[in-house]
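Q: Attaching a single structure in structure tokens format; questions to follow.
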Amino acid sequence: MVSVLALIAASEVTGPCRGLFQLAAETDRLDVRLTLGMFLLRSHVSVPSIEEARRRGFPVEVLAQGRRYDPRLVAQAWRLVRAHRVELVQSHGYKPALLAWSLKQMTGLPWVAFAHGYTSQGLRVAAYNHLDRWLMRRADRVVAVSESMASELTQAGVREDRIRVIRNAIDPSDYRPDADGAQVRHAAGAGPEDLLIGVIGRLSPEKGQEVFIRALRRVVQVVPQAKAVLVGEGEQAGVLRAALQAQGLERRVSLTGYHRDISPIYAALDLVVVPSLSEGLPNVLLESMLHGKAVVATAVGGTREVMSGWIPEWTVPAGDPDALARAMIEALLEARRRATLGQRGARRVRAHFSSFHRAEHIKRVYHELAC
């Protein structure tokens, strides 16, 4: 049995967090002992991600930090390594990577870094991204969520022979196929004849919600029954509200905030749009497919790899509101085509993006290093 310490810093149950929870659920079968090292500011009693991990019965160790950069984290992590007889360290994000690198220097333990993709929230985050890529060059293995991400890491100086492409997965048991979307549609002001579009994800510049708003202005001129919901939280909320007002769309688009139970959102939607400017491999794409929803998406990162074989016109260049609007209009006007693609997507995601197979691939990486 391989003993792994997986380090992650996430307050909410983010995409990387869900992926780690999927892996934790498979560890007994894999003959892996996985301990979750989760970061928490000392001023907080707990956060949703830690509560969810505990609710699911996963072994959680809290790494308490007094400030953003707390050197005492190293000593705490070192105690966990000894207490759990850790044989391998795993990181998700720049702060866990920095801690994992420190442990590697102290103990010689092998280190696997996971690369999920990067956000673009200003100079400070750009510096964190640069640090993360610098650290990954020092990891024994780097798991990239797509071929596109692997190429980006190689260009950043990560040795190609250390990179393993293991795509994100979806666990159908995390979702409710029988969910009712009526309440979501009512809250969005969408009647039976309206067509409701969903953009789901963190409200952050790289997610492309501003491009979507510009595209939607063109869409409603052709499809007047189109309405939309922006689902998620983030620093762009105020910017997006201002953009909606500037485009005269504030009555057509609702900002719903974060939803822990996402199935009712999907049940309410007629179309999902993923307008990202950059991605690793968006979980929202896999979730949409699992729920049988047709998707219009930008051709970035792993999205291109997942969307291959779909209608080419519905995979568009990033940052192009005209192309996005054309694809949205075509999708909204063709209900039968949407239904067919939704069914095809549900079959594809269940066959090729299962958490079972993802866990098997990760186990192989562990055994490359720890056995």
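Residues are named by chain letter and number: chains run A, B, ... in the order of the structure tokens, numbers start at 1 in each chain, and ligands are numbered from 1 in the order shown.
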Can you list, as number ranges by chain, every residue of segment 174-357 of chain A that DSSP puts in helix (DSSP H, G or I)?
A: A: 174, 182-187, 205-207, 209-222, 237-246, 263-268, 283-290, 303-307, 312-314, 321-333, 335-352, 355-357
Q: Applying 9 Å and only C-alpha atoms, which residues near Ala243 of chain A remain after dropping the ones on its own chain fewer than 5 positions away? List them as a count of residues only.
A: 7
Q: Can you pull out every residue within 10 Å of segment 193-199 of chain A, counting only C-alpha atoms, but drop anything in the same chain fewer than 6 positions away, and send it as a ChimeraX atom specification?
A: /A:185,207-209,212,216,223-232,252-255,265-266,268-276,284,288,295,328,332-333
Q: Print the selection's residues with C-alpha atoms to a file, as a JSON list (two decimals), in the first residue's frame.
A:
```json
[["chain", "number", "residue", "atom", "x", "y", "z"],
["A", 185, "ARG", "CA", -36.11, 28.77, -14.31],
["A", 207, "LYS", "CA", -13.69, 32.42, -18.01],
["A", 208, "GLY", "CA", -14.88, 34.81, -20.74],
["A", 209, "GLN", "CA", -18.22, 35.92, -19.26],
["A", 212, "PHE", "CA", -20.52, 35.97, -23.58],
["A", 216, "LEU", "CA", -25.72, 37.56, -26.06],
["A", 223, "VAL", "CA", -33.76, 34.78, -30.64],
["A", 224, "PRO", "CA", -35.81, 37.16, -28.46],
["A", 225, "GLN", "CA", -36.86, 34.37, -26.09],
["A", 226, "ALA", "CA", -33.23, 33.79, -25.00],
["A", 227, "LYS", "CA", -32.36, 34.37, -21.34],
["A", 228, "ALA", "CA", -29.31, 33.41, -19.32],
["A", 229, "VAL", "CA", -27.89, 32.63, -15.90],
["A", 230, "LEU", "CA", -24.29, 33.21, -14.82],
["A", 231, "VAL", "CA", -23.62, 30.67, -12.08],
["A", 232, "GLY", "CA", -20.66, 31.17, -9.77],
["A", 252, "ARG", "CA", -32.43, 38.93, -19.23],
["A", 253, "VAL", "CA", -29.45, 37.64, -17.26],
["A", 254, "SER", "CA", -29.33, 36.54, -13.62],
["A", 255, "LEU", "CA", -26.21, 36.15, -11.50],
["A", 265, "ILE", "CA", -29.13, 24.24, -12.70],
["A", 266, "TYR", "CA", -28.43, 21.82, -15.54],
["A", 268, "ALA", "CA", -33.22, 24.08, -16.06],
["A", 269, "LEU", "CA", -30.98, 24.82, -19.05],
["A", 270, "ASP", "CA", -31.61, 24.55, -22.77],
["A", 271, "LEU", "CA", -27.98, 25.22, -23.66],
["A", 272, "VAL", "CA", -24.63, 25.48, -21.88],
["A", 273, "VAL", "CA", -22.01, 27.94, -23.09],
["A", 274, "VAL", "CA", -18.32, 27.73, -22.09],
["A", 275, "PRO", "CA", -16.81, 31.03, -23.35],
["A", 276, "SER", "CA", -13.39, 30.62, -21.67],
["A", 284, "VAL", "CA", -18.35, 22.19, -16.41],
["A", 288, "SER", "CA", -22.90, 19.40, -19.05],
["A", 295, "VAL", "CA", -22.61, 22.83, -25.42],
["A", 328, "MET", "CA", -25.42, 30.16, -29.92],
["A", 332, "LEU", "CA", -30.92, 27.68, -29.84],
["A", 333, "LEU", "CA", -32.86, 27.41, -33.11]]
```
Q: May I have a table of the residues of segment 180-294 of chain A lying at most 8 Å from segment 113-136 of chain A, giving each one's closest pair of atoms and their distance in Å to one decimal, counting only C-alpha atoms, ordered by chain and ascending residue number, as a Markdown table?
A:
```
| residue | atom | partner | partner_atom | distance |
| --- | --- | --- | --- | --- |
| A:Ser204 | CA | A:Gln121 | CA | 6.8 |
| A:Pro205 | CA | A:Ser120 | CA | 6.2 |
| A:Glu206 | CA | A:Ser120 | CA | 5.7 |
| A:Ser278 | CA | A:Tyr118 | CA | 7.8 |
| A:Glu279 | CA | A:Gly117 | CA | 5.7 |
| A:Gly280 | CA | A:Gly117 | CA | 4.3 |
| A:Leu281 | CA | A:His116 | CA | 7.3 |
```
Q: Please list as an MDAnalysis selection string every residue within 8 Å of Leu30 of chain A, counting only C-alpha atoms and excluding residues in the same chain fewer than 5 positions away.
A: chainID A and resid 359:360 363
Q: With only C-alpha atoms as the basis for distance, which of A:Leu285, A:Ala318, A:Ile166, A:Ala24 is at the shortest distance from Arg364 of chain A?
A: A:Ile166
Q: Nearest to Arg162 of chain A: which of A:Arg217, A:His84, A:Arg138, A:His367 is it, counting only C-alpha atoms?
A: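 Closest candidate: A:Arg138.
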Q: Pick out the closest residue to Phe356 of chain A from this set: A:Gly108, A:Pro16, A:Gly189, A:Pro172. Count only C-alpha atoms.
A: A:Pro172
Q: Could you please write out, as a count of residues only, every residue of segment 108-281 of chain A that DSSP assigns to strand (DSSP E or B)?
A: 35
Q: List the neighbours of segment 37-48 of chain A out to 12 Å using only C-alpha atoms; skip same-chain residues closer than 4 positions along the sequence, and give me the result as a VMD selection string.
A: chain A and resid 4 to 14 17 20 52 to 55 58 to 70 72 to 74 76 to 81 84 86 89 to 93 95 to 96 99 to 100 258 to 260
Q: Could you please determine the separation between atom CA of Ala237 of chain A and atom CA of Gly342 of chain A in Å, to one decimal place?
A: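 Going from atom CA of Ala237 of chain A over to atom CA of Gly342 of chain A, I get 29.5 Å.
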Q: Between segment 253-318 of chain A and segment 146-155 of chain A, at 10 Å or less, what are the per-residue closest atom pairs and their distances in Å? Count only C-alpha atoms, order by chain and rising residue number, and return it as CSV.
A:
```
residue,atom,partner,partner_atom,distance
A:Glu279,CA,A:Met149,CA,8.3
A:Gly280,CA,A:Met149,CA,5.8
A:Leu281,CA,A:Ser146,CA,6.3
A:Val300,CA,A:Ser148,CA,8.2
A:Gly301,CA,A:Ser148,CA,5.1
A:Gly302,CA,A:Ser146,CA,4.9
A:Thr303,CA,A:Ser146,CA,8.7
A:Arg304,CA,A:Ser148,CA,8.9
A:Glu305,CA,A:Ser146,CA,7.8
A:Val306,CA,A:Ser146,CA,9.4
```
